[in-house]
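Student: Here it is, the structure in full.
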Amino acid sequence: MSTPLNRHSNILDFALSSLLRRKSKNFSLLVVYTLIVFVIASLIFFVQALKREAAQILKEAPDMVVQRMVAGRHDLIPVAYGEQISAIRGVTAVSPRLWGYYYDQVFGANYTLLVPEKNLLEPGSIMIGPGVARNQRIQAGDMLALKTSRNIPLLLTVQDLYPSSSELISSDLIVLSAEDFQTMFNLPAGQVTDLAVTVANPREQVTVAAKIAELFPDTRPILKSEMLRTYDSLFEWRGGMIVVVLAVAVLSFIIFAWDKATGLSAEERKEIGILKSIGWETSDVLLLKFWEGIVVSLTAFLVGVVLAYGHVFFFSAALFEHALKGWSVIYPQFKLTPVIDVYQLTVLFFLTVLPYTAATIIPAWLSATVPPDAAMRS
Amino acid sequence: MIQHPAILALTIASLMTGLMLIYAGWYGTWILDKWDLHSGSELQLNLERRTYLISVILSYALLFQIASLFLYIFTADNLHSQFTGAMCAAGSLGVNSFGYPVLILKILNCLLAGVWLIINHVDTRGYDYPLIKAKYGLLNVLVPLVLLEVVFQFVYFFNLKADVITSCCGSLFSTDKHSIAGEIAGLPSGPMQAAFFGIMAATVVCGMVFFLKKRGGYLFAALSALTFLVSSAALVSFICLYFYELPSHHCPFCILQKEYHYIGYALYATLLGGTVSGLGVGVLMPFSTCSSLSGVIPNIQRRLAATTLIMYLLFTLIVVWRMLSTSFTLG
């Protein structure tokens, strides 16, 4: 083993034993440090996982949705619009979509009613999401009564339930046939909720959207990429907001760390004095402090990250979900898919370890440059 | 401004680095002005003690600086989905006119930081602070550059607005544009390959001569710097194309992604490492006659030259391996 490596390993050895000698002081620092890493790591992991879920869901979304606007509000769109849109060069397919919301007065919940693109269901049968099943306390084979727009009850048989793995998108969903949808809402003939447009070449989407907006000035084309961007910025904005709030906590932690590092006990000063008088140089003492910092930082970082991982991916981020997820009567119960990458860890490192390190440099230097005689006399 | 945790992290880190460097620079000018090793005054003792602090502060600050270069590129890449038309980091950096200047400043500061750390390391080996003036002279160059970077980075992030129409890397580096990046892409691959391999060979030969005969230090340092510039241009001109297997994708950032097995990190680390060591050889040349370092500097220079040779050879090896192993050819 070469000499410089030996020097480092010996000093690291000494740093470990000196940290252990002052267990209570370092333990309290470690606990606060770990807590800070844990909170910020949970937040970063959670936001990242939500972004991924949103991206996964939108993968299946149509390239473009065309909605009609009346007085600035979303309105029904004539199917005839779709025929003209499909004639635009670059458009592969246009499919009319039927969907809407239904407010259940008894249970106080909003359901999403949707007609599938392909005829999956016979009139009178429905498929429901797990949230609806929980809310209504029904299961496959049971009947569900909905009130139509003419105040006549419509009885529907639950054919099947969506699996809980799809709960994030299917929780409040009731999928029904086009005939039942018509009975429920009594739409004017030849009108649908909106149009899903498929464009084969992603680079042509913007041009096609511009053409649609020109052809039908009363419509609003929404691109999938725009939806993705909106979700991304929404989650990032929320995450960023909480980081700003947590900055206060980080700041107090830095003050705490600074205080711990400057408040050398008489015993510590004496120790440094002795080390220097037996031949340690200022740079050696600085190296000792550096290794102490590394040990404390890495321990807090690793423990904090592991705890945050468990918190977010096994306990669904119980501490943050209300701030970041929003709320609803039928709220999906879902487990996030674990995603964690070097980028997130680097951001976390920058937000936690860097401020700590910067805060302890000057105290470390102050303790390392104490004249040995003064230190031992004190 | 986009409220992104990484943007906050980079802003906090750059503010901290900026403050640390201002502190160090302030005492640096004091040291340049008042330093007198023969004096036993309290001021001199105080300054001697401060040099330790400044060394430590700068070592940390400069390490943060190097880490922040990669975080910056990664963040730019991560943000591309927020801007229409941006396909990767190249698009995000072009959102406003500060993105690329920040990147260039970061690279320049990384190189200078590396050289400063080398001088500092050598200085601590001599008992009489032989390089103290050179060290703090360089610091005076470094501090304004880092502060400029802090300001530019803040302005860049502050003016980021999602949805601004930007060019994606495909059009940004397209040959018909006359921006700097466009011209790099426009350099023909044939002559660029000749220039790249030629300058690499020249640097390696010069490095070997320096390593064995301790001659030509300045030439070697100059060639190392030139290699850095030529290799960077070659990366955009033809090296990237072999990794992407696309004749039109000149983006130098996508190779940092998982899809390309993070090979970009190996390329950039070897290139930056090699250049810093090569520059270090040249910077140490004037001090080789210094009495307290006469036994130290030649050894360190030889080690630095060896590092440059190994790094550059590794870089070339990765490039050649890719050029030979892929079925993609540039007609």
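Here's how to read the names in the structure tokens: chain A, B, ... by the order shown, residue numbers from 1 in each chain, ligand numbers from 1 in the order shown.
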Compile the residues of chain A that lie within 6 Å of chain B, evaluated using only C-alpha atoms, and express the compilation as a PyMOL selection string.
Tutor: chain A and resi 229+236-237+240+347+350-351+365
Student: Could you name the residues that touch A:Ala300 at 10 Å or less, counting only C-alpha atoms, but leaving out those on the same chain fewer than 3 positions away, as a PyMOL selection string?
Tutor: chain A and resi 29-38+294-297+303-306+352-353
Student: Pick the closest to B:Ser237 from B:Gly274, B:Pro191, B:Gly207, B:Gly126: which is it, counting only C-alpha atoms?
Tutor: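 Among the listed residues, B:Pro191 lies closest to B:Ser237.
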Student: Give me the residues near stretch 112-122 of chain B as a PyMOL selection string, where near means some atom within 8 Å (using only C-alpha atoms) and where sequence neighbours in that chain fewer than 2 positions away do not count.
Tutor: chain B and resi 55+59+62+108-110+124-126+131+135+138-139+142+276-277+279-280+283-284+296-297+300
Student: What does the file look like for those residues with C-alpha atoms, as a short mmCIF file (atom, residue, chain, number, x, y, z; two decimals), in the first residue's frame?
Tutor:
data_model
loop_
_atom_site.label_atom_id
_atom_site.label_comp_id
_atom_site.auth_asym_id
_atom_site.auth_seq_id
_atom_site.Cartn_x
_atom_site.Cartn_y
_atom_site.Cartn_z
CA SER B 55 -6.98 26.04 0.14
CA SER B 59 -10.77 22.60 -2.97
CA LEU B 62 -13.88 23.69 -7.18
CA LEU B 108 -13.59 26.88 -18.71
CA ASN B 109 -13.95 27.20 -14.93
CA CYS B 110 -13.61 23.45 -14.54
CA THR B 124 1.80 22.52 -0.20
CA ARG B 125 4.78 20.28 -0.94
CA GLY B 126 7.30 23.13 -0.56
CA LEU B 131 3.88 29.19 -5.60
CA LYS B 135 -1.70 30.56 -6.97
CA LEU B 138 -4.76 32.59 -10.90
CA LEU B 139 -7.42 32.85 -8.22
CA LEU B 142 -10.93 32.49 -11.56
CA VAL B 276 -6.26 19.59 -16.96
CA SER B 277 -3.17 17.41 -16.41
CA LEU B 279 -2.17 22.22 -18.80
CA GLY B 280 -0.76 21.50 -15.34
CA VAL B 283 1.84 25.84 -15.71
CA LEU B 284 4.46 24.18 -13.50
CA VAL B 296 9.12 17.65 -6.39
CA ILE B 297 8.06 19.37 -9.62
CA ILE B 300 4.72 15.64 -10.50
#
Student: Determine the nearest neighbour of B:Leu63 from the options B:Leu226, B:Leu309, B:Leu111, B:Met323, counting only C-alpha atoms.
Tutor: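 When distances to B:Leu63 are compared using only C-alpha atoms, the smallest one comes from B:Leu111.
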Student: Do you have the atom CA of A:Val91-atom CA of A:Met69 distance handy?
Tutor: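 Computing the Euclidean distance for atom CA of A:Val91 and atom CA of A:Met69 yields 21.6 Å.
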Student: Here is a test: counting only C-alpha atoms, which residue of A:Asn135, A:Thr148, A:Ser252, A:Gln344 is nearest to A:Ser42?
Tutor: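 That would be A:Gln344, the residue with the smallest distance to A:Ser42.
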Student: Just the helix (DSSP H, G or I) stuff from stretch 70-231 of chain B, please, per backbone DSSP, written as a ChimeraX atom specification.
Tutor: /B:70-82,89-93,99-125,132-158,169-172,180-186,189-213,217-231
Student: Excluding stretch 86-90 of chain A and any residue of its chain fewer than 2 positions from it, enumerate the residues within 9 Å of it, using only C-alpha atoms, and give them as a PyMOL selection string.
Tutor: chain A and resi 81-84+92-94+197-201+204-205+208+211-212
Student: Could you write out that same residue set with N, CA and C atoms as a PDB file, in the first residue's frame?
Tutor:
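As a result, part.pdb now contains:
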ATOM      1  N   TYR A  81     -67.536  17.257 -38.239  1.00  0.00           N
ATOM      2  CA  TYR A  81     -66.212  17.886 -38.161  1.00  0.00           C
ATOM      3  C   TYR A  81     -65.131  16.832 -38.398  1.00  0.00           C
ATOM      4  N   GLY A  82     -65.363  15.671 -37.813  1.00  0.00           N
ATOM      5  CA  GLY A  82     -64.383  14.587 -37.885  1.00  0.00           C
ATOM      6  C   GLY A  82     -64.116  14.170 -39.317  1.00  0.00           C
ATOM      7  N   GLU A  83     -65.168  14.163 -40.133  1.00  0.00           N
ATOM      8  CA  GLU A  83     -64.990  13.743 -41.528  1.00  0.00           C
ATOM      9  C   GLU A  83     -64.068  14.717 -42.263  1.00  0.00           C
ATOM     10  N   GLN A  84     -64.239  15.997 -41.997  1.00  0.00           N
ATOM     11  CA  GLN A  84     -63.377  16.979 -42.661  1.00  0.00           C
ATOM     12  C   GLN A  84     -61.942  16.901 -42.130  1.00  0.00           C
ATOM     13  N   THR A  92     -54.160  10.086 -39.739  1.00  0.00           N
ATOM     14  CA  THR A  92     -54.375   8.670 -40.004  1.00  0.00           C
ATOM     15  C   THR A  92     -55.806   8.269 -39.659  1.00  0.00           C
ATOM     16  N   ALA A  93     -56.284   8.732 -38.506  1.00  0.00           N
ATOM     17  CA  ALA A  93     -57.624   8.325 -38.084  1.00  0.00           C
ATOM     18  C   ALA A  93     -58.245   9.388 -37.197  1.00  0.00           C
ATOM     19  N   VAL A  94     -59.571   9.461 -37.248  1.00  0.00           N
ATOM     20  CA  VAL A  94     -60.316  10.340 -36.346  1.00  0.00           C
ATOM     21  C   VAL A  94     -61.408   9.485 -35.717  1.00  0.00           C
ATOM     22  N   VAL A 197     -57.746  12.383 -32.547  1.00  0.00           N
ATOM     23  CA  VAL A 197     -57.124  12.395 -33.867  1.00  0.00           C
ATOM     24  C   VAL A 197     -55.762  11.708 -33.780  1.00  0.00           C
ATOM     25  N   THR A 198     -55.502  10.800 -34.706  1.00  0.00           N
ATOM     26  CA  THR A 198     -54.189  10.148 -34.749  1.00  0.00           C
ATOM     27  C   THR A 198     -53.399  10.711 -35.928  1.00  0.00           C
ATOM     28  N   VAL A 199     -52.167  11.135 -35.638  1.00  0.00           N
ATOM     29  CA  VAL A 199     -51.289  11.635 -36.701  1.00  0.00           C
ATOM     30  C   VAL A 199     -50.059  10.741 -36.709  1.00  0.00           C
ATOM     31  N   ALA A 200     -49.781  10.123 -37.853  1.00  0.00           N
ATOM     32  CA  ALA A 200     -48.716   9.115 -37.878  1.00  0.00           C
ATOM     33  C   ALA A 200     -47.354   9.724 -37.565  1.00  0.00           C
ATOM     34  N   ASN A 201     -47.038  10.858 -38.166  1.00  0.00           N
ATOM     35  CA  ASN A 201     -45.711  11.453 -37.969  1.00  0.00           C
ATOM     36  C   ASN A 201     -45.776  12.504 -36.860  1.00  0.00           C
ATOM     37  N   GLU A 204     -45.540  16.184 -37.637  1.00  0.00           N
ATOM     38  CA  GLU A 204     -46.606  16.872 -38.364  1.00  0.00           C
ATOM     39  C   GLU A 204     -47.736  17.316 -37.444  1.00  0.00           C
ATOM     40  N   GLN A 205     -47.652  16.875 -36.163  1.00  0.00           N
ATOM     41  CA  GLN A 205     -48.778  17.147 -35.260  1.00  0.00           C
ATOM     42  C   GLN A 205     -49.092  18.631 -35.141  1.00  0.00           C
ATOM     43  N   VAL A 208     -50.766  19.889 -38.314  1.00  0.00           N
ATOM     44  CA  VAL A 208     -52.151  19.406 -38.398  1.00  0.00           C
ATOM     45  C   VAL A 208     -53.026  20.195 -37.421  1.00  0.00           C
ATOM     46  N   LYS A 211     -53.835  23.495 -38.793  1.00  0.00           N
ATOM     47  CA  LYS A 211     -54.827  23.408 -39.873  1.00  0.00           C
ATOM     48  C   LYS A 211     -56.230  23.224 -39.307  1.00  0.00           C
ATOM     49  N   ILE A 212     -56.339  22.397 -38.267  1.00  0.00           N
ATOM     50  CA  ILE A 212     -57.664  22.161 -37.663  1.00  0.00           C
ATOM     51  C   ILE A 212     -58.189  23.471 -37.069  1.00  0.00           C
TER      52      ILE A 212
END
Student: When you draw a straight line from atom CA of A:Leu113 to atom CA of A:Val132, how long is it in Å?
Tutor: 11.2 Å
Student: Fewer than 2 positions away in the same chain doesn't count, so skip those; otherwise give me all residues within 12 Å of A:Phe181, counting only C-alpha atoms, as an MDAnalysis selection string.
Tutor: chainID A and resid 97:102 112:116 121:126 146:149 154 156 174:179 183:187 192:193
Student: Can I get the selection written as an mmCIF file, in the first residue's frame, with C-alpha atoms?
Tutor:
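For reference, out-v8.cif as written:
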data_model
loop_
_atom_site.group_PDB
_atom_site.id
_atom_site.type_symbol
_atom_site.label_atom_id
_atom_site.label_comp_id
_atom_site.auth_asym_id
_atom_site.auth_seq_id
_atom_site.Cartn_x
_atom_site.Cartn_y
_atom_site.Cartn_z
ATOM 1 C CA ARG A 97 -65.391 9.912 -28.213
ATOM 2 C CA LEU A 98 -68.265 9.864 -25.762
ATOM 3 C CA TRP A 99 -67.556 10.587 -22.130
ATOM 4 C CA GLY A 100 -68.898 12.708 -19.321
ATOM 5 C CA TYR A 101 -69.231 13.086 -15.574
ATOM 6 C CA TYR A 102 -72.008 11.931 -13.313
ATOM 7 C CA THR A 112 -66.421 9.409 -15.043
ATOM 8 C CA LEU A 113 -68.651 7.767 -17.634
ATOM 9 C CA LEU A 114 -66.908 6.550 -20.741
ATOM 10 C CA VAL A 115 -67.907 4.696 -23.902
ATOM 11 C CA PRO A 116 -65.080 2.469 -25.168
ATOM 12 C CA LEU A 121 -70.280 -4.074 -23.746
ATOM 13 C CA GLU A 122 -73.904 -4.992 -24.369
ATOM 14 C CA PRO A 123 -76.478 -2.335 -23.465
ATOM 15 C CA GLY A 124 -77.335 -2.741 -19.780
ATOM 16 C CA SER A 125 -73.840 -3.932 -18.764
ATOM 17 C CA ILE A 126 -71.047 -1.848 -17.325
ATOM 18 C CA LEU A 146 -77.974 5.843 -12.135
ATOM 19 C CA LYS A 147 -80.406 8.712 -12.695
ATOM 20 C CA THR A 148 -80.742 9.819 -16.326
ATOM 21 C CA SER A 149 -81.037 13.452 -17.371
ATOM 22 C CA LEU A 154 -81.347 3.394 -15.261
ATOM 23 C CA LEU A 156 -77.086 -1.404 -15.065
ATOM 24 C CA ILE A 174 -67.827 3.560 -15.277
ATOM 25 C CA VAL A 175 -67.517 2.122 -18.785
ATOM 26 C CA LEU A 176 -70.853 1.663 -20.565
ATOM 27 C CA SER A 177 -72.308 1.130 -24.049
ATOM 28 C CA ALA A 178 -73.076 3.985 -26.438
ATOM 29 C CA GLU A 179 -76.804 3.256 -26.180
ATOM 30 C CA THR A 183 -80.137 7.162 -22.544
ATOM 31 C CA MET A 184 -78.254 8.758 -19.665
ATOM 32 C CA PHE A 185 -77.489 12.147 -21.189
ATOM 33 C CA ASN A 186 -79.802 12.428 -24.212
ATOM 34 C CA LEU A 187 -77.241 14.059 -26.508
ATOM 35 C CA VAL A 192 -70.102 13.634 -29.503
ATOM 36 C CA THR A 193 -67.984 14.844 -26.573
#
Student: Taking the backbone alone, and naming residues the way the document does, which bits of stretch 37-155 of chain A are strand (DSSP E) by DSSP, as a ChimeraX atom specification?
Tutor: /A:64-70,73-75,77-78,91-97,99-104,109-114,125-128,143-147,153-155
Student: Within 10 Å of stretch 270-283 of chain A, counting only C-alpha atoms, which residues show up once you throw out same-chain ones fewer than 3 positions away? Write them as an mmCIF file with N, CA and C atoms, in the first residue's frame, please.
Tutor:
data_model
loop_
_atom_site.group_PDB
_atom_site.id
_atom_site.type_symbol
_atom_site.label_atom_id
_atom_site.label_comp_id
_atom_site.auth_asym_id
_atom_site.auth_seq_id
_atom_site.Cartn_x
_atom_site.Cartn_y
_atom_site.Cartn_z
ATOM 1 N N SER A 18 -12.787 8.930 16.899
ATOM 2 C CA SER A 18 -13.076 10.192 17.591
ATOM 3 C C SER A 18 -14.571 10.521 17.514
ATOM 4 N N LEU A 264 -16.653 23.793 20.082
ATOM 5 C CA LEU A 264 -15.721 22.739 20.489
ATOM 6 C C LEU A 264 -15.675 22.671 22.005
ATOM 7 N N SER A 265 -15.772 21.474 22.523
ATOM 8 C CA SER A 265 -15.653 21.337 23.968
ATOM 9 C C SER A 265 -14.183 21.498 24.356
ATOM 10 N N ALA A 266 -13.948 21.765 25.641
ATOM 11 C CA ALA A 266 -12.570 21.934 26.121
ATOM 12 C C ALA A 266 -11.767 20.675 25.819
ATOM 13 N N GLU A 267 -12.451 19.556 25.925
ATOM 14 C CA GLU A 267 -11.769 18.276 25.709
ATOM 15 C C GLU A 267 -11.288 18.141 24.260
ATOM 16 N N LEU A 286 -7.018 19.186 9.400
ATOM 17 C CA LEU A 286 -8.072 19.493 8.424
ATOM 18 C C LEU A 286 -8.550 18.224 7.724
ATOM 19 N N LEU A 287 -7.592 17.353 7.439
ATOM 20 C CA LEU A 287 -7.946 16.081 6.805
ATOM 21 C C LEU A 287 -8.813 15.241 7.740
ATOM 22 N N LEU A 288 -8.466 15.287 9.024
ATOM 23 C CA LEU A 288 -9.263 14.566 10.023
ATOM 24 C C LEU A 288 -10.699 15.082 10.014
ATOM 25 N N LYS A 289 -10.838 16.408 10.003
ATOM 26 C CA LYS A 289 -12.176 17.012 9.999
ATOM 27 C C LYS A 289 -12.917 16.658 8.712
ATOM 28 N N TRP A 365 -11.567 24.739 10.074
ATOM 29 C CA TRP A 365 -10.301 25.482 9.987
ATOM 30 C C TRP A 365 -9.976 26.149 11.325
ATOM 31 N N SER A 367 -10.781 25.180 14.243
ATOM 32 C CA SER A 367 -10.274 24.227 15.240
ATOM 33 C C SER A 367 -8.894 23.714 14.851
ATOM 34 N N ALA A 368 -8.625 23.660 13.539
ATOM 35 C CA ALA A 368 -7.337 23.106 13.118
ATOM 36 C C ALA A 368 -6.186 24.082 13.313
ATOM 37 N N THR A 369 -6.480 25.389 13.383
ATOM 38 C CA THR A 369 -5.383 26.352 13.486
ATOM 39 C C THR A 369 -5.165 26.855 14.918
ATOM 40 N N VAL A 370 -5.800 26.178 15.868
ATOM 41 C CA VAL A 370 -5.582 26.583 17.256
ATOM 42 C C VAL A 370 -4.113 26.337 17.618
ATOM 43 N N PRO A 371 -3.428 27.322 18.224
ATOM 44 C CA PRO A 371 -2.048 27.060 18.644
ATOM 45 C C PRO A 371 -2.047 25.970 19.719
ATOM 46 N N PRO A 372 -1.148 24.985 19.605
ATOM 47 C CA PRO A 372 -1.197 23.840 20.511
ATOM 48 C C PRO A 372 -1.083 24.225 21.987
ATOM 49 N N ASP A 373 -0.206 25.183 22.295
ATOM 50 C CA ASP A 373 -0.015 25.511 23.718
ATOM 51 C C ASP A 373 -1.291 26.103 24.306
ATOM 52 N N ALA A 374 -1.937 27.029 23.530
ATOM 53 C CA ALA A 374 -3.167 27.653 24.022
ATOM 54 C C ALA A 374 -4.258 26.601 24.200
ATOM 55 N N ALA A 375 -4.314 25.665 23.243
ATOM 56 C CA ALA A 375 -5.359 24.647 23.302
ATOM 57 C C ALA A 375 -5.191 23.772 24.533
ATOM 58 N N MET A 376 -3.957 23.392 24.819
ATOM 59 C CA MET A 376 -3.749 22.485 25.951
ATOM 60 C C MET A 376 -3.944 23.196 27.285
ATOM 61 N N ARG A 377 -3.581 24.480 27.291
ATOM 62 C CA ARG A 377 -3.734 25.233 28.537
ATOM 63 C C ARG A 377 -5.204 25.446 28.868
ATOM 64 N N SER A 378 -6.051 25.591 27.805
ATOM 65 C CA SER A 378 -7.470 25.846 28.060
ATOM 66 C C SER A 378 -8.137 24.582 28.590
ATOM 67 N N ARG B 49 -1.933 31.333 8.289
ATOM 68 C CA ARG B 49 -3.015 30.470 8.759
ATOM 69 C C ARG B 49 -4.169 30.480 7.762
ATOM 70 N N TYR B 52 -4.377 28.087 4.656
ATOM 71 C CA TYR B 52 -4.984 26.765 4.825
ATOM 72 C C TYR B 52 -6.475 26.833 4.544
ATOM 73 N N LEU B 53 -7.105 27.853 5.134
ATOM 74 C CA LEU B 53 -8.550 27.997 4.976
ATOM 75 C C LEU B 53 -8.899 28.169 3.502
ATOM 76 N N SER B 55 -7.196 27.294 0.883
ATOM 77 C CA SER B 55 -6.984 26.044 0.145
ATOM 78 C C SER B 55 -8.162 25.112 0.316
ATOM 79 N N VAL B 56 -8.607 24.968 1.564
ATOM 80 C CA VAL B 56 -9.722 24.048 1.817
ATOM 81 C C VAL B 56 -10.984 24.552 1.124
ATOM 82 N N THR B 124 1.776 23.073 -1.566
ATOM 83 C CA THR B 124 1.805 22.522 -0.202
ATOM 84 C C THR B 124 3.002 21.599 0.009
#
Student: When you draw a straight line from atom CA of A:Ala308 to atom CA of A:Leu43, how long is it in Å?
Tutor: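 Distance reported for this atom pair: 8.4 Å.
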Student: Please determine, counting only C-alpha atoms, which residue among B:Cys251, B:Leu219, B:Leu47, B:Gly137 has the shortest atom-to-atom distance to B:Ala202.
Tutor: B:Leu219
Student: Considering only C-alpha atoms, can you say which of B:Tyr156, B:Thr329, B:Phe220, B:Ile263 comes closest to B:Phe98?
Tutor: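 Closest to B:Phe98 of all the choices is B:Tyr156.
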